[in-house]
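*Asks:* Hey, dropping target_28.txt in here, compact mmCIF, C-alpha atoms:
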```txt
# COMPACT_ATOMS: atom_id res chain seq x y z
CA MET Z 4 30.34 9.29 2.09
CA THR Z 5 27.25 11.01 3.49
CA ASN Z 6 25.83 11.55 -0.01
CA LEU Z 7 26.33 7.87 -0.82
CA VAL Z 8 24.54 6.78 2.36
CA VAL Z 9 21.66 9.19 1.64
CA GLU Z 10 21.34 7.92 -1.93
CA ILE Z 11 21.36 4.23 -0.99
CA SER Z 12 19.20 4.64 2.11
CA ARG Z 13 16.35 6.40 0.33
CA TYR Z 14 15.78 3.34 -1.88
CA LEU Z 15 16.17 0.92 1.03
CA ILE Z 16 13.72 2.94 3.12
CA ILE Z 17 11.14 2.78 0.33
CA LEU Z 18 11.69 -0.98 -0.03
CA LEU Z 19 11.20 -1.48 3.70
CA ILE Z 20 8.02 0.61 3.92
CA ALA Z 21 6.66 -1.24 0.86
CA ILE Z 22 7.30 -4.65 2.48
CA TYR Z 23 5.72 -3.41 5.72
CA THR Z 24 2.64 -2.22 3.83
CA TYR Z 25 2.39 -5.51 1.93
CA TYR Z 26 2.17 -7.43 5.20
CA ASN Z 27 -0.33 -4.87 6.48
CA PHE Z 28 -2.85 -6.15 3.92
CA ARG Z 29 -1.55 -9.71 3.53
CA PHE Z 30 -2.43 -10.09 7.21
CA PHE Z 31 -6.17 -9.97 6.46
CA SER Z 32 -6.03 -13.01 4.16
CA MET Z 33 -4.22 -15.17 6.73
CA ASN Z 34 -6.34 -17.54 8.80
CA GLU Z 35 -3.71 -19.22 10.97
CA GLU Z 36 -2.50 -17.39 14.08
CA GLU Z 37 1.05 -18.56 13.42
CA ASP Z 38 1.05 -16.98 9.94
CA ARG Z 39 -0.31 -13.71 11.31
CA ASN Z 40 2.34 -13.59 14.00
CA PHE Z 41 5.00 -14.22 11.37
CA ALA Z 42 3.67 -11.32 9.26
CA CYS Z 43 3.65 -8.99 12.26
CA GLY Z 44 7.18 -10.06 13.14
CA ARG Z 45 8.36 -9.20 9.62
CA GLN Z 46 6.69 -5.82 9.94
CA LEU Z 47 8.66 -5.04 13.08
CA VAL Z 48 11.94 -6.02 11.41
CA CYS Z 49 11.15 -3.63 8.55
CA MET Z 50 10.17 -0.84 10.93
CA PHE Z 51 13.31 -1.03 13.06
CA MET Z 52 15.57 -1.24 9.99
CA LEU Z 53 13.82 1.75 8.40
CA HIS Z 54 14.07 3.69 11.66
CA PHE Z 55 17.82 2.94 11.89
CA LEU Z 56 18.54 3.96 8.28
CA ALA Z 57 16.62 7.23 8.61
CA TYR Z 58 18.39 8.25 11.80
CA LEU Z 59 21.76 7.21 10.34
CA VAL Z 60 21.19 9.78 7.60
CA ILE Z 61 19.98 12.36 10.14
CA VAL Z 62 23.05 11.93 12.36
CA LEU Z 63 25.46 11.99 9.39
CA ASN Z 64 23.91 15.26 8.19
CA THR Z 65 23.69 16.98 11.56
CA LYS Z 66 26.77 15.47 13.30
CA SER Z 67 24.64 15.65 16.46
CA GLU Z 68 25.35 13.28 19.35
CA ALA Z 69 22.10 14.43 20.96
CA LEU Z 70 20.11 13.08 18.00
CA MET Z 71 22.02 9.80 18.20
CA LEU Z 72 20.93 9.51 21.83
CA PHE Z 73 17.41 10.54 20.83
CA TYR Z 74 17.34 7.63 18.37
CA GLY Z 75 18.40 5.20 21.10
CA VAL Z 76 15.68 6.44 23.45
CA GLN Z 77 13.08 5.95 20.71
CA VAL Z 78 14.22 2.36 20.10
CA LEU Z 79 13.97 1.65 23.83
CA PHE Z 80 10.46 3.14 23.90
CA PHE Z 81 9.24 1.10 20.92
CA VAL Z 82 10.68 -2.16 22.30
CA CYS Z 83 9.16 -1.60 25.74
CA TYR Z 84 5.79 -0.44 24.42
CA ILE Z 85 5.40 -3.34 21.98
CA PHE Z 86 6.50 -6.17 24.22
CA LEU Z 87 4.98 -4.93 27.48
CA THR Z 88 1.63 -4.44 25.69
CA ARG Z 89 1.81 -7.95 24.25
CA ILE Z 90 2.70 -9.41 27.66
CA PHE Z 91 0.02 -7.52 29.58
CA TYR Z 92 -2.70 -7.90 26.92
CA LYS Z 93 -2.38 -11.42 25.50
CA ARG Z 94 -5.16 -10.92 22.96
CA VAL Z 95 -4.04 -7.51 21.64
CA SER Z 96 -4.21 -6.80 17.91
CA ARG Z 97 -0.56 -6.98 16.91
CA LEU Z 98 -1.35 -5.38 13.54
CA LEU Z 99 -2.82 -2.24 15.11
CA LEU Z 100 0.02 -2.13 17.63
CA ASN Z 101 2.59 -2.31 14.82
CA ASN Z 102 0.80 0.36 12.80
CA VAL Z 103 0.74 2.76 15.74
CA CYS Z 104 4.51 2.35 16.11
CA MET Z 105 5.13 2.68 12.36
CA LEU Z 106 3.16 5.92 12.16
CA LEU Z 107 4.91 7.28 15.26
CA CYS Z 108 8.26 6.25 13.80
CA THR Z 109 7.54 8.20 10.60
CA GLY Z 110 6.42 11.19 12.65
CA PHE Z 111 9.65 11.18 14.70
CA ILE Z 112 11.78 10.91 11.55
CA ILE Z 113 10.17 13.79 9.67
CA LEU Z 114 9.83 16.03 12.74
CA THR Z 115 13.50 15.47 13.65
CA ARG Z 116 14.38 16.49 10.11
CA LEU Z 117 12.23 19.62 10.32
CA ASN Z 118 12.67 20.69 13.94
CA PRO Z 119 14.62 18.47 16.39
CA GLU Z 120 13.41 20.44 19.41
CA ARG Z 121 9.78 19.85 18.50
CA ALA Z 122 10.50 16.20 17.74
CA MET Z 123 11.90 15.71 21.25
CA ARG Z 124 8.92 17.50 22.77
CA GLN Z 125 6.62 15.27 20.70
CA PHE Z 126 8.44 12.19 21.99
CA VAL Z 127 7.82 13.21 25.61
CA ILE Z 128 4.13 13.66 24.83
CA VAL Z 129 4.02 10.28 23.07
CA ALA Z 130 5.67 8.51 26.00
CA ILE Z 131 3.32 10.10 28.54
CA SER Z 132 0.28 9.39 26.34
CA ALA Z 133 1.29 5.75 25.88
CA VAL Z 134 1.56 5.26 29.64
CA VAL Z 135 -1.62 7.16 30.52
CA THR Z 136 -3.78 5.36 27.94
CA TRP Z 137 -2.32 1.88 28.56
CA ILE Z 138 -5.10 1.07 31.02
CA ILE Z 139 -7.94 1.80 28.55
CA PRO Z 140 -8.22 -1.73 27.02
CA PHE Z 141 -8.49 -3.13 30.56
CA ILE Z 142 -11.34 -0.71 31.33
CA ILE Z 143 -13.21 -1.34 28.08
CA ASP Z 144 -13.00 -5.08 28.65
CA ARG Z 145 -14.65 -4.85 32.05
CA VAL Z 146 -16.86 -1.77 32.38
CA TRP Z 147 -20.23 -2.29 30.68
CA GLN Z 148 -21.57 0.65 32.74
CA LEU Z 149 -20.12 3.00 30.10
CA VAL Z 150 -23.43 2.57 28.29
CA LYS Z 151 -25.45 4.01 31.20
CA ILE Z 152 -24.31 7.65 31.12
CA PRO Z 153 -25.13 9.11 27.68
CA TRP Z 154 -25.99 12.59 28.92
CA LEU Z 155 -22.71 12.87 30.77
CA TYR Z 156 -20.90 12.47 27.45
CA GLY Z 157 -23.22 14.86 25.61
CA ILE Z 158 -23.51 17.68 28.16
CA LEU Z 159 -19.85 17.57 29.17
CA GLY Z 160 -18.78 17.76 25.51
CA ILE Z 161 -21.00 20.76 24.82
CA LEU Z 162 -19.80 22.60 27.93
CA ILE Z 163 -16.13 22.06 27.09
CA LEU Z 164 -16.57 23.22 23.51
CA ALA Z 165 -18.55 26.25 24.72
CA VAL Z 166 -15.72 27.27 27.06
CA VAL Z 167 -13.27 27.15 24.16
CA CYS Z 168 -15.66 29.17 22.01
CA VAL Z 169 -15.86 31.91 24.67
CA ILE Z 170 -12.31 32.14 26.04
CA GLY Z 171 -10.22 29.98 23.73
CA ASN Z 172 -7.00 31.08 22.04
CA THR Z 173 -7.31 32.07 18.39
CA SER Z 174 -5.01 30.40 15.86
CA TYR Z 175 -5.22 30.93 12.08
CA GLY Z 176 -8.69 32.45 12.37
CA ALA Z 177 -10.20 29.75 14.63
CA GLN Z 178 -10.59 29.43 18.39
CA LEU Z 179 -8.96 26.08 18.99
CA SER Z 180 -7.21 25.83 22.33
CA LEU Z 181 -7.06 26.64 26.01
CA THR Z 182 -3.85 27.46 27.87
CA ILE Z 183 -3.61 25.95 31.36
CA ARG Z 184 -0.44 26.73 33.32
CA GLY Z 185 1.49 27.32 30.13
CA ILE Z 186 0.27 24.14 28.44
CA SER Z 187 -1.87 24.53 25.33
CA ILE Z 188 -4.71 21.99 25.00
CA GLN Z 189 -7.12 21.53 22.11
CA PRO Z 190 -10.28 20.17 23.79
CA SER Z 191 -12.12 19.33 20.56
CA GLU Z 192 -9.65 16.45 20.05
CA PHE Z 193 -10.89 14.80 23.26
CA VAL Z 194 -14.55 15.74 22.90
CA LYS Z 195 -14.50 13.70 19.67
CA ILE Z 196 -14.26 10.57 21.82
CA SER Z 197 -17.09 11.57 24.19
CA PHE Z 198 -19.16 12.58 21.15
CA VAL Z 199 -18.91 9.07 19.68
CA PHE Z 200 -19.78 7.53 23.06
CA PHE Z 201 -22.81 9.83 23.38
CA VAL Z 202 -24.17 8.92 19.94
CA ALA Z 203 -23.49 5.21 20.49
CA THR Z 204 -25.27 5.12 23.85
CA MET Z 205 -28.28 7.04 22.52
CA PHE Z 206 -28.74 4.84 19.46
CA TYR Z 207 -28.13 1.71 21.54
CA ARG Z 208 -31.15 2.72 23.64
CA SER Z 209 -33.48 3.53 20.78
CA THR Z 210 -33.61 4.47 17.10
CA GLN Z 211 -37.21 5.67 17.17
CA PHE Z 212 -37.86 8.97 15.37
CA GLY Z 213 -38.25 11.06 18.54
CA HIS Z 214 -35.05 9.66 20.00
CA VAL Z 215 -33.22 10.34 16.75
CA VAL Z 216 -34.43 13.96 16.79
CA ILE Z 217 -33.15 14.50 20.35
CA THR Z 218 -29.78 12.91 19.54
CA THR Z 219 -29.51 14.98 16.36
CA MET Z 220 -30.19 18.20 18.27
CA VAL Z 221 -27.38 17.48 20.76
CA ALA Z 222 -25.02 16.45 17.96
CA ALA Z 223 -25.94 19.62 16.05
CA ALA Z 224 -25.13 21.66 19.17
CA HIS Z 225 -21.59 20.23 19.14
CA VAL Z 226 -21.16 21.09 15.47
CA LEU Z 227 -22.71 24.56 15.83
CA ILE Z 228 -20.38 25.51 18.69
CA LEU Z 229 -17.39 24.39 16.60
CA VAL Z 230 -18.68 26.49 13.70
CA LEU Z 231 -19.04 29.52 16.00
CA SER Z 232 -15.45 28.86 17.12
CA ARG Z 233 -14.56 28.80 13.40
CA ASP Z 234 -13.01 25.35 13.87
CA LEU Z 235 -14.62 24.11 10.68
CA GLY Z 236 -12.27 21.16 10.16
CA SER Z 237 -13.33 19.59 13.45
CA ALA Z 238 -16.97 20.52 12.78
CA LEU Z 239 -16.83 18.58 9.51
CA ILE Z 240 -15.31 15.53 11.25
CA TYR Z 241 -18.06 15.56 13.90
CA PHE Z 242 -20.77 15.99 11.25
CA VAL Z 243 -19.57 13.15 8.99
CA THR Z 244 -19.12 10.83 11.97
CA TYR Z 245 -22.62 11.49 13.29
CA LEU Z 246 -24.22 11.09 9.88
CA MET Z 247 -22.55 7.73 9.27
CA MET Z 248 -23.34 6.45 12.78
CA LEU Z 249 -26.96 7.49 12.27
CA PHE Z 250 -27.13 5.58 9.01
CA VAL Z 251 -25.53 2.44 10.47
CA ALA Z 252 -27.87 2.50 13.47
CA THR Z 253 -31.08 3.08 11.49
CA SER Z 254 -30.31 1.94 7.90
CA ASN Z 255 -32.52 4.86 6.88
CA TRP Z 256 -31.60 6.38 3.51
CA PHE Z 257 -33.89 9.34 4.14
CA TYR Z 258 -31.82 10.40 7.15
CA LEU Z 259 -28.64 10.04 5.12
CA GLY Z 260 -30.02 12.11 2.25
CA CYS Z 261 -31.25 14.87 4.56
CA GLY Z 262 -27.87 14.92 6.28
CA VAL Z 263 -25.95 15.25 3.02
CA LEU Z 264 -28.21 18.09 1.83
CA SER Z 265 -27.98 19.93 5.15
CA GLY Z 266 -24.19 19.52 5.12
CA ALA Z 267 -23.97 20.96 1.62
CA GLY Z 268 -26.15 23.90 2.65
CA ALA Z 269 -24.06 24.50 5.77
CA SER Z 270 -20.89 24.57 3.64
CA VAL Z 271 -22.34 27.35 1.49
CA VAL Z 272 -23.35 29.32 4.60
CA ALA Z 273 -19.88 28.89 6.11
CA TYR Z 274 -18.32 30.15 2.89
CA LYS Z 275 -20.50 33.27 3.02
CA LEU Z 276 -19.99 33.95 6.73
CA PHE Z 277 -16.29 33.32 7.37
CA ALA Z 278 -13.52 35.23 5.61
CA HIS Z 279 -10.83 32.63 6.40
CA VAL Z 280 -13.01 29.92 4.82
CA ARG Z 281 -13.32 32.01 1.66
CA ARG Z 282 -9.55 32.48 1.61
CA ARG Z 283 -8.95 28.74 1.86
CA VAL Z 284 -11.50 27.97 -0.85
CA GLU Z 285 -9.98 30.60 -3.15
CA ALA Z 286 -6.49 29.25 -2.44
CA TRP Z 287 -7.77 25.78 -3.32
CA ARG Z 288 -9.52 26.84 -6.53
CA ASP Z 289 -6.57 28.82 -7.92
CA PRO Z 290 -3.52 28.97 -5.64
CA TRP Z 291 -1.43 30.44 -8.47
CA ALA Z 292 -3.55 33.60 -8.59
CA ASP Z 293 -2.11 34.78 -5.27
CA ILE Z 294 0.99 32.64 -4.92
CA ASP Z 295 2.72 35.07 -2.53
CA ASP Z 296 -0.12 35.18 -0.01
CA GLN Z 297 -3.27 33.05 0.06
CA GLY Z 298 -1.97 30.35 -2.25
CA TYR Z 299 1.55 30.20 -0.82
CA GLN Z 300 1.07 27.18 1.46
CA VAL Z 301 -0.78 25.14 -1.17
CA THR Z 302 1.68 25.93 -3.96
CA GLN Z 303 4.73 25.21 -1.79
CA GLY Z 304 3.17 21.87 -0.85
CA LEU Z 305 2.57 21.02 -4.51
CA PHE Z 306 6.11 22.09 -5.42
CA ALA Z 307 7.48 19.86 -2.65
CA MET Z 308 5.55 16.80 -3.80
CA GLY Z 309 6.43 17.42 -7.44
CA THR Z 310 10.11 17.82 -6.61
CA GLY Z 311 10.23 14.65 -4.52
CA GLY Z 312 8.80 12.41 -7.24
CA TRP Z 313 8.28 8.71 -6.59
CA PHE Z 314 11.49 8.04 -4.67
CA GLY Z 315 12.00 11.35 -2.86
CA MET Z 316 15.06 13.56 -2.74
CA GLY Z 317 16.41 11.99 0.45
CA LEU Z 318 16.48 13.40 3.96
CA TYR Z 319 18.02 16.90 4.08
CA GLN Z 320 18.07 17.11 0.28
CA GLY Z 321 14.81 19.06 -0.03
CA VAL Z 322 13.44 22.30 1.41
CA PRO Z 323 10.19 21.28 3.20
CA GLU Z 324 10.74 24.05 5.77
CA LYS Z 325 9.55 26.54 3.14
CA ILE Z 326 6.00 25.23 3.59
CA PRO Z 327 4.12 27.23 6.26
CA VAL Z 328 3.00 25.18 9.30
CA VAL Z 329 4.62 22.13 7.70
CA GLU Z 330 4.92 20.18 10.99
CA ASN Z 331 1.15 20.36 11.52
CA ASP Z 332 -1.07 20.71 8.47
CA PHE Z 333 1.32 19.84 5.63
CA VAL Z 334 3.55 17.11 7.07
CA PHE Z 335 2.34 14.80 4.27
CA ALA Z 336 3.97 17.14 1.73
CA ALA Z 337 7.27 17.04 3.65
CA ILE Z 338 7.17 13.24 3.64
CA SER Z 339 6.47 13.21 -0.10
CA GLU Z 340 9.34 15.56 -0.89
CA GLU Z 341 12.15 13.85 0.99
CA LEU Z 342 10.96 10.27 1.46
CA GLY Z 343 9.04 10.04 -1.81
CA ALA Z 344 5.53 9.58 -3.14
CA ILE Z 345 5.79 5.79 -2.75
CA TYR Z 346 6.56 6.21 0.95
CA ALA Z 347 3.70 8.71 1.34
CA ILE Z 348 1.26 6.37 -0.42
CA CYS Z 349 2.36 3.51 1.84
CA ILE Z 350 1.68 5.67 4.91
CA LEU Z 351 -1.77 6.42 3.53
CA LEU Z 352 -2.36 2.70 2.93
CA ILE Z 353 -1.29 1.90 6.50
CA CYS Z 354 -3.94 4.37 7.70
CA VAL Z 355 -6.48 2.67 5.45
CA GLY Z 356 -5.38 -0.69 6.90
CA CYS Z 357 -6.12 0.63 10.40
CA PHE Z 358 -9.56 1.73 9.22
CA VAL Z 359 -10.24 -1.69 7.67
CA GLN Z 360 -9.46 -3.38 10.97
CA PHE Z 361 -11.69 -0.89 12.80
CA MET Z 362 -14.55 -1.84 10.48
CA MET Z 363 -13.87 -5.57 10.84
CA ILE Z 364 -14.01 -5.20 14.62
CA ALA Z 365 -17.25 -3.21 14.30
CA MET Z 366 -18.83 -5.94 12.17
CA LYS Z 367 -17.83 -8.70 14.60
CA MET Z 368 -19.19 -6.99 17.71
CA GLN Z 369 -22.63 -8.32 18.66
CA ALA Z 370 -23.64 -5.54 21.06
CA MET Z 371 -24.85 -2.50 19.09
CA PHE Z 372 -23.20 -0.18 21.62
CA TYR Z 373 -19.73 -1.57 20.94
CA LYS Z 374 -20.43 -1.88 17.22
CA LEU Z 375 -21.33 1.81 16.98
CA ILE Z 376 -18.29 2.88 19.02
CA ALA Z 377 -15.91 0.99 16.73
CA PHE Z 378 -17.65 2.29 13.62
CA GLY Z 379 -17.82 5.88 14.90
CA LEU Z 380 -14.18 6.01 15.97
CA GLY Z 381 -13.11 4.42 12.68
CA THR Z 382 -15.12 6.95 10.67
CA MET Z 383 -13.69 9.81 12.72
CA TYR Z 384 -10.14 8.55 12.18
CA ILE Z 385 -10.35 8.02 8.43
CA THR Z 386 -12.21 11.31 7.90
CA GLN Z 387 -9.38 13.15 9.64
CA VAL Z 388 -6.80 11.36 7.47
CA PHE Z 389 -8.81 12.20 4.33
CA LEU Z 390 -9.14 15.88 5.24
CA THR Z 391 -5.41 16.22 5.96
CA VAL Z 392 -4.15 14.39 2.88
CA GLY Z 393 -6.89 15.80 0.65
CA GLY Z 394 -5.94 19.35 1.63
CA VAL Z 395 -2.26 18.74 0.84
CA LEU Z 396 -3.06 17.14 -2.53
CA LYS Z 397 -5.42 20.01 -3.42
CA PHE Z 398 -8.26 17.52 -3.67
CA ILE Z 399 -10.26 19.60 -1.17
CA PRO Z 400 -9.66 22.98 0.53
CA SER Z 401 -7.25 22.81 3.45
CA THR Z 402 -9.05 22.32 6.78
CA GLY Z 403 -6.12 22.66 9.17
CA VAL Z 404 -6.51 19.24 10.82
CA THR Z 405 -3.52 17.06 11.71
CA LEU Z 406 -2.39 13.69 10.38
CA PRO Z 407 -2.87 11.29 13.35
CA PHE Z 408 0.33 10.07 15.05
CA ILE Z 409 2.53 11.90 12.51
CA SER Z 410 1.81 15.64 12.70
CA TYR Z 411 3.15 17.71 15.58
CA GLY Z 412 0.57 18.30 18.31
CA GLY Z 413 0.16 17.02 21.85
CA SER Z 414 -3.64 17.00 22.00
CA SER Z 415 -3.87 15.10 18.73
CA ILE Z 416 -1.33 12.50 19.91
CA LEU Z 417 -3.08 11.86 23.24
CA ALA Z 418 -6.57 11.74 21.68
CA THR Z 419 -5.41 9.32 18.98
CA PHE Z 420 -3.82 7.06 21.59
CA VAL Z 421 -7.16 7.05 23.43
CA LEU Z 422 -8.99 6.20 20.19
CA PHE Z 423 -6.69 3.30 19.27
CA ASN Z 424 -6.69 1.87 22.78
CA ILE Z 425 -10.49 1.89 22.90
CA ILE Z 426 -10.45 -0.11 19.66
CA GLN Z 427 -7.84 -2.44 21.15
CA GLY Z 428 -10.14 -2.92 24.15
CA LEU Z 429 -13.01 -3.93 21.86
CA TYR Z 430 -10.73 -6.30 19.93
CA ILE Z 431 -9.54 -7.94 23.16
CA LEU Z 432 -13.14 -8.22 24.37
CA LYS Z 433 -14.25 -9.93 21.16
CA ARG Z 434 -11.32 -12.34 21.09
CA GLY Z 435 -12.04 -13.29 24.70
CA GLU Z 436 -15.65 -14.09 23.79
CA GLU Z 437 -14.55 -16.18 20.80
CA GLU Z 438 -12.07 -18.17 22.89
CA GLU Z 439 -14.73 -18.85 25.54
CA ASN Z 440 -17.17 -20.06 22.87
CA GLU Z 441 -14.51 -22.42 21.46
CA LYS Z 442 -13.98 -23.99 24.89
CA ARG Z 443 -17.68 -24.80 25.36
```
Give the structure from this file in structure tokens form.
*Replies:*
Amino acid sequence: MTNLVVEISRYLIILLIAIYTYYNFRFFSMNEEEDRNFACGRQLVCMFMLHFLAYLVIVLNTKSEALMLFYGVQVLFFVCYIFLTRIFYKRVSRLLLNNVCMLLCTGFIILTRLNPERAMRQFVIVAISAVVTWIIPFIIDRVWQLVKIPWLYGILGILILAVVCVIGNTSYGAQLSLTIRGISIQPSEFVKISFVFFVATMFYRSTQFGHVVITTMVAAAHVLILVLSRDLGSALIYFVTYLMMLFVATSNWFYLGCGVLSGAGASVVAYKLFAHVRRRVEAWRDPWADIDDQGYQVTQGLFAMGTGGWFGMGLYQGVPEKIPVVENDFVFAAISEELGAIYAICILLICVGCFVQFMMIAMKMQAMFYKLIAFGLGTMYITQVFLTVGGVLKFIPSTGVTLPFISYGGSSILATFVLFNIIQGLYILKRGEEEENEKR
């Protein structure tokens, strides 16, 4: 009976995620509010059905009453979070809200399959993060003074990163976290937000050459400290985000060209200086040459994706636990193996859909400050997705960054909630302006 349910459910789950993803992009071509609400409603039906089917398979395989209760608590959380947000924020982007829940849903499913204890811990972090960050759209909608304190963002970010560089805990060759009363925190996840605010406030004030030089020096200090901490994945995210924000603010191709050349040069220097970077590059170039050591993670990820094929093997039918650090860096490979390549591609498309809406919000904002914030946060988000998925697919060397809302990690979850709620605040602000203009 269990095998039959697993076999049928894996095709139904793929059908549901495909329908959800279709509406994710169909939404953008709809002009009427009623049609958009209908599309978002269909998305939620697909999400809750998918969530039910996945946990049905999980419970049948584990025979665990605790996981059945865990499923019920998740459903209660999603219902409360979606409807309370829509009640409190009338102008909220329902598409972004749905996508956050869909990505979280996928994360809970795959983490429960891999490590139920970690999945439950992740859920607690998600619930706390959702409550703590719920006020952010309200703040963004009302506090223009955020533009007046650029140096607070810049100096505070540098100081926090410097503390991690000096006394931070080392993990996989990089100093990433601080431990405070038994809780491990990765500050670079939060400094990403202050970094975007710093750059946006500086370029809002001026894009003259001297001002650009000063801003570049502070941005370079952030990146340099991350390099000294050997957190090169985060350093690359900061660098790409700054370079794109600089280009959008100035429309200067010379700046962009110089940035690309300096980034390429820095990559060569990092390869020469850091042994763990060389190991990752060598594992990327030819993982089969040292399959038992350096290339083990990459090869196991490729095996997993190849075994899963288009439709996946079904939950509990694969062996994703063989991939080192699978809950963090290589969760995309676990999804591909058991839920299928189609499901994994749909998740990637949902992330792209979020990015598209970020960019649409950025284009609609009239104030350059808000425009740059939306663009910077969107660039930061999609760069992180690209680095994670690209590392798993062997498109680029693995950088050790997480897949937002899906990978295990408390700091990543909280920081991503902050990012999405800032974007929601900008969306609500813009819709309020449009409605006021229509009334005049």
*Asks:* Using all atoms listed in the file, which residue out of Z:Gly403, Z:Thr391, Z:Arg208, Z:Phe314 lies closest to Z:Leu351?
*Replies:*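 Of Z:Gly403, Z:Thr391, Z:Arg208, Z:Phe314, the one nearest Z:Leu351, counting all atoms listed in the file, is Z:Thr391.
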*Asks:* Have a look at Z:Val82, Z:Ala222, Z:Val166, Z:Ile399 and name the one nearest to Z:Trp154; count only C-alpha atoms.
*Replies:*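 Nearest candidate to Z:Trp154 out of Z:Val82, Z:Ala222, Z:Val166, Z:Ile399: Z:Ala222.
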*Asks:* Quick one: of Z:Gly268, Z:Pro407, Z:Gly44, Z:Pro119, who's nearest to Z:Ile385, counting all atoms listed in the file?
*Replies:* Z:Pro407
*Asks:* Rounded to one decimal, what separation in Å do you get between atom CA of Z:Ile338 and atom CA of Z:Pro323?
*Replies:*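 So the answer is 8.6 Å.
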*Asks:* Would you list the contacts of stretch 299-307 of chain Z as number ranges by chain, taking every protein, DNA or RNA residue within 12 Å and counting all atoms listed in the file, but skipping same-chain residues closer than 5 positions in sequence?
*Replies:* Z: 282-294, 312-313, 315-316, 320-329, 332-344, 392-403
*Asks:* Please provide as a PDB file with C-alpha atoms, keeping the file's coordinate frame all residues within 7 Å of Z:Val221, with the sequence filter that same-chain residues fewer than 4 positions apart are discarded (counting all atoms listed in the file).
*Replies:*
```pdb
ATOM      1  CA  GLY Z 157     -23.220  14.860  25.610  1.00  0.00           C
ATOM      2  CA  ILE Z 217     -33.150  14.500  20.350  1.00  0.00           C
ATOM      3  CA  HIS Z 225     -21.590  20.230  19.140  1.00  0.00           C
TER       4      HIS Z 225
END
```
*Asks:* What separation in Å, quoted to one decimal, exists between atom CA of Z:Val95 and atom CA of Z:Leu432?
*Replies:*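 One can read the atom CA of Z:Val95 to atom CA of Z:Leu432 distance as 9.5 Å.
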*Asks:* Name the residues in contact with stretch 184-201 of chain Z at a cut-off of 6 Å, using all atoms listed in the file, excluding same-chain residues fewer than 2 positions from it; report them as a list of chain:residue names.
*Replies:*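 That gives Z:Pro153, Z:Tyr156, Z:Gly157, Z:Gly160, Z:Leu179, Z:Ser180, Z:Leu181, Z:Thr182, Z:Ala203, Z:Thr204, Z:Gly379, Z:Ser414, Z:Ala418.
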